[in-house]
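Okay, so here's the structure we're looking at.
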Amino acid sequence: MREDKMAILERCDTGAIAQLTMNAPERLNCLSDEMLAALQSELDQIAADPKIRVVTLAGAGKAFCAGHDLKQMTAGRTSDDKGRSYFADLFQRCSNLMLTIQSLPQPVIAQVHGIATAAGCQLVATCDMAIAAEGTRFGVNGINIGLFCSTPMVALSRNIPRKKAFEMLTTGQFLTATEAEAAGLVNRVVTPELLDQETLKLAETVAGKLGSVVKIGKEAFYKQATMPTEQAYDYAADVMVQNMLFQDTEEGIQAFLDKRAPNWSQ
């Protein structure tokens with residue numbers, strides 16, 4: 001087991017699973033400049049680490065993530081351009097983080113409790129899977145303070161039905177954990193006492209699969225989703241051909257036919 005503790009982000013590696021915990025509970029783990037930088041740096045390192053097969057992402061304290069740091073955003077207005085450059089840079093850095101999660105070779109599982117609001121809800125929607133504790137609330141509620149959650153909208157509208165996403169964005173109303181599960185924002189809802197256990201159980205299941213196959217599968221999953229159906233089938237067929245030529249895949253198929261456990265190289 002590897003364990004690293006930093007001021008704002010904790011990492012604990014258990015086998016092939018990297019468990020990240022946002023550690024700014026007094027600020028509801030908001031995506032401050034410091035949090036964005038810490039997450040980006042850690043995920044960049046994980047992307048290059050073949051020993052890690054799955055990442056989990058949680059928040060310390062009473063909430064998962066409350067979105068951007070409004071105090072920092074307000075301070076950004078003191079510049080000569082009224083904050084234009086700072087805001088443009090902030091939202092670009094946040095978007096880069098979301099794109100990093102999606103392009104990461106390893107699946108990322110959000111472990112959500114308390115609240116996930118605005119960019120925090122965007123973070124849940126961006127992760128490949130999510131487990132939520134009962135009582136968790138999800139919202140893109142910037143509209144309540146005069147700010148339409150346009151960047152969170154990108155991930156949210158690719159996770160849940162369009163009309164439901166638009167209702168959340170224009171009313172500021174929250175989804176309960178049960179509603180989030182029904183809408184497809186989270187995979188399942190568990191009791192708070194089982195949140196750690198169930199998240200780790202899912203991570204261990206995925207980590208036990210052939211890593212090279214999960215990697216190409218995740219990449220293909222997101223690429224094909226943006227293609228017209230015919231193009232998606234052509235692309236997916238090419239990925240299948242590539243996958244079939246893997247020596248470990250050949251071994252896996254033969255093991256299935258032989259009714260034995262596969263002897264994979266990784």
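Residue numbering restarts at 1 for every chain of the structure tokens, chains are lettered A, B, ... in their displayed order, and ligands are numbered from 1 as they appear.
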Once DSSP has gone over the backbone, tell me which residues of region 103-179 of chain A are in strand (DSSP E), as a ChimeraX atom specification.
/A:108-112,115-117,129-133,137-139,175-176
Counting only C-alpha atoms, give me one row per residue of region 2-75 of chain A with an atom at most 12 Å from an atom of region 92-97 of chain A, showing the shortest contact pair and its distance in Å to one decimal, sorted by chain then residue number, as a tab-separated table.
residue	atom	partner	partner_atom	distance
A:Cys30	CA	A:Cys94	CA	11.8
A:Leu31	CA	A:Cys94	CA	8.2
A:Ser32	CA	A:Cys94	CA	9.7
A:Asp33	CA	A:Arg93	CA	8.8
A:Glu34	CA	A:Arg93	CA	11.2
A:Met35	CA	A:Cys94	CA	10.1
A:Leu36	CA	A:Cys94	CA	6.8
A:Ala37	CA	A:Arg93	CA	8.4
A:Ala38	CA	A:Leu97	CA	10.3
A:Leu39	CA	A:Leu97	CA	7.6
A:Gln40	CA	A:Leu97	CA	5.9
A:Ser41	CA	A:Leu97	CA	9.6
A:Glu42	CA	A:Leu97	CA	10.7
A:Leu43	CA	A:Leu97	CA	8.6
A:Asp44	CA	A:Leu97	CA	9.6
A:Gly67	CA	A:Cys94	CA	10.4
A:His68	CA	A:Cys94	CA	9.2
A:Asp69	CA	A:Cys94	CA	11.8
Would you mind reading off the distance between CA of Ser265 (chain A) and CA of Asp49 (chain A), one decimal, in Å?
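Computed distance, CA of Ser265 (chain A) to CA of Asp49 (chain A), equals 17.0 Å.
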Can you pull out every residue within 12 Å of Val213 (chain A), counting only C-alpha atoms, but drop anything in the same chain fewer than 2 positions away, and send it as a ChimeraX atom specification?
/A:53,105-107,206-211,215-221,239-240,242-249,252,264,266
Restricting the calculation to only C-alpha atoms: of A:Thr126, A:Thr74, A:Ser212, A:Gln19, which residue gets closest to Ile101 (chain A)?
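Answer, going by the shortest atom-to-atom distance: A:Thr126.
Excluding Thr205 (chain A) itself and any same-chain residue fewer than 6 positions from it, the protein and nucleic acid residues within 12 Å of it, counting only C-alpha atoms, are Ala16, Ile17, Arg53, Val54, Pro107, Ile109, Glu198, Thr199, Gly211 and Val214 of chain A.
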From A:Ile131, A:Leu70, A:Glu204, A:Gln102, residue lying nearest Ile145 (chain A) [only C-alpha atoms]:
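Comparing A:Ile131, A:Leu70, A:Glu204, A:Gln102 against Ile145 (chain A), the winner is A:Leu70.
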Measuring atom to atom with only C-alpha atoms, identify which of A:Ala183, A:Met22, A:Ala118, A:Ala232 is nearest to Gly142 (chain A).
A:Ala118
So how far away is CA of Cys121 (chain A) from CA of Arg137 (chain A), in Å?
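Calculated distance between CA of Arg137 (chain A) and CA of Cys121 (chain A) is 9.3 Å.
Across A:Arg260, A:Val112, A:Val154, A:Tyr222, the tightest approach to Thr191 (chain A) is made by A:Val112 when counting only C-alpha atoms.
Taking CA of Ala236 (chain A) as the reference point, CA of Ile253 (chain A) is found at 19.4 Å.
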Leaving out Glu26 (chain A) and any residue of its chain fewer than 4 positions from it, which residues lie within 12 Å of it when counting only C-alpha atoms, given as number ranges by chain?
A: 8, 22, 30, 59-66, 69
Next, write the just-selected residues to a file, as a PDB file, in the first residue's frame, keeping N, CA, C and O atoms as the atom set.
ATOM      1  N   ILE A   8      -3.998  19.469   0.434  1.00  0.00           N
ATOM      2  CA  ILE A   8      -5.338  19.610  -0.120  1.00  0.00           C
ATOM      3  C   ILE A   8      -5.851  18.358  -0.827  1.00  0.00           C
ATOM      4  O   ILE A   8      -7.026  18.266  -1.155  1.00  0.00           O
ATOM      5  N   MET A  22     -10.278  14.491  -1.966  1.00  0.00           N
ATOM      6  CA  MET A  22     -10.161  15.947  -1.878  1.00  0.00           C
ATOM      7  C   MET A  22     -10.253  16.330  -0.405  1.00  0.00           C
ATOM      8  O   MET A  22     -11.185  15.939   0.289  1.00  0.00           O
ATOM      9  N   CYS A  30     -14.202  22.566  -2.459  1.00  0.00           N
ATOM     10  CA  CYS A  30     -14.471  23.318  -3.693  1.00  0.00           C
ATOM     11  C   CYS A  30     -13.269  23.226  -4.639  1.00  0.00           C
ATOM     12  O   CYS A  30     -12.133  22.993  -4.224  1.00  0.00           O
ATOM     13  N   GLY A  59     -14.485  12.922  -1.328  1.00  0.00           N
ATOM     14  CA  GLY A  59     -14.289  14.202  -0.654  1.00  0.00           C
ATOM     15  C   GLY A  59     -14.289  14.007   0.853  1.00  0.00           C
ATOM     16  O   GLY A  59     -15.090  13.242   1.386  1.00  0.00           O
ATOM     17  N   ALA A  60     -13.405  14.700   1.542  1.00  0.00           N
ATOM     18  CA  ALA A  60     -13.346  14.627   3.007  1.00  0.00           C
ATOM     19  C   ALA A  60     -14.428  15.508   3.623  1.00  0.00           C
ATOM     20  O   ALA A  60     -14.904  16.465   3.007  1.00  0.00           O
ATOM     21  N   GLY A  61     -14.823  15.169   4.853  1.00  0.00           N
ATOM     22  CA  GLY A  61     -15.792  16.002   5.553  1.00  0.00           C
ATOM     23  C   GLY A  61     -17.221  15.689   5.180  1.00  0.00           C
ATOM     24  O   GLY A  61     -17.556  14.547   4.868  1.00  0.00           O
ATOM     25  N   LYS A  62     -18.069  16.709   5.171  1.00  0.00           N
ATOM     26  CA  LYS A  62     -19.506  16.477   5.012  1.00  0.00           C
ATOM     27  C   LYS A  62     -19.999  16.596   3.579  1.00  0.00           C
ATOM     28  O   LYS A  62     -21.203  16.470   3.345  1.00  0.00           O
ATOM     29  N   ALA A  63     -19.107  16.839   2.614  1.00  0.00           N
ATOM     30  CA  ALA A  63     -19.556  17.003   1.233  1.00  0.00           C
ATOM     31  C   ALA A  63     -18.525  16.456   0.259  1.00  0.00           C
ATOM     32  O   ALA A  63     -17.326  16.410   0.561  1.00  0.00           O
ATOM     33  N   PHE A  64     -18.996  16.074  -0.914  1.00  0.00           N
ATOM     34  CA  PHE A  64     -18.101  15.640  -1.986  1.00  0.00           C
ATOM     35  C   PHE A  64     -17.397  16.850  -2.590  1.00  0.00           C
ATOM     36  O   PHE A  64     -16.180  16.989  -2.504  1.00  0.00           O
ATOM     37  N   CYS A  65     -18.157  17.762  -3.169  1.00  0.00           N
ATOM     38  CA  CYS A  65     -17.559  18.958  -3.787  1.00  0.00           C
ATOM     39  C   CYS A  65     -18.640  19.984  -4.069  1.00  0.00           C
ATOM     40  O   CYS A  65     -19.664  19.665  -4.685  1.00  0.00           O
ATOM     41  N   ALA A  66     -18.408  21.220  -3.638  1.00  0.00           N
ATOM     42  CA  ALA A  66     -19.389  22.293  -3.784  1.00  0.00           C
ATOM     43  C   ALA A  66     -19.131  23.188  -4.990  1.00  0.00           C
ATOM     44  O   ALA A  66     -19.652  24.293  -5.062  1.00  0.00           O
ATOM     45  N   ASP A  69     -14.640  27.881  -6.243  1.00  0.00           N
ATOM     46  CA  ASP A  69     -14.423  28.698  -5.059  1.00  0.00           C
ATOM     47  C   ASP A  69     -14.906  30.117  -5.355  1.00  0.00           C
ATOM     48  O   ASP A  69     -14.225  30.887  -6.042  1.00  0.00           O
TER      49      ASP A  69
END
Looking at only C-alpha atoms, which of A:Asp89, A:Asp258, A:Asp128, A:Asp238 is the one that sits closest to Leu57 (chain A)?
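The closest residue to Leu57 (chain A) is A:Asp128.
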Give me, as a ChimeraX atom specification, the residues of region 84-235 of chain A that a backbone DSSP run labels helix (DSSP H, G or I).
/A:84-103,119-126,141-145,150-156,162-171,177-183,192-207,211-225,229-235
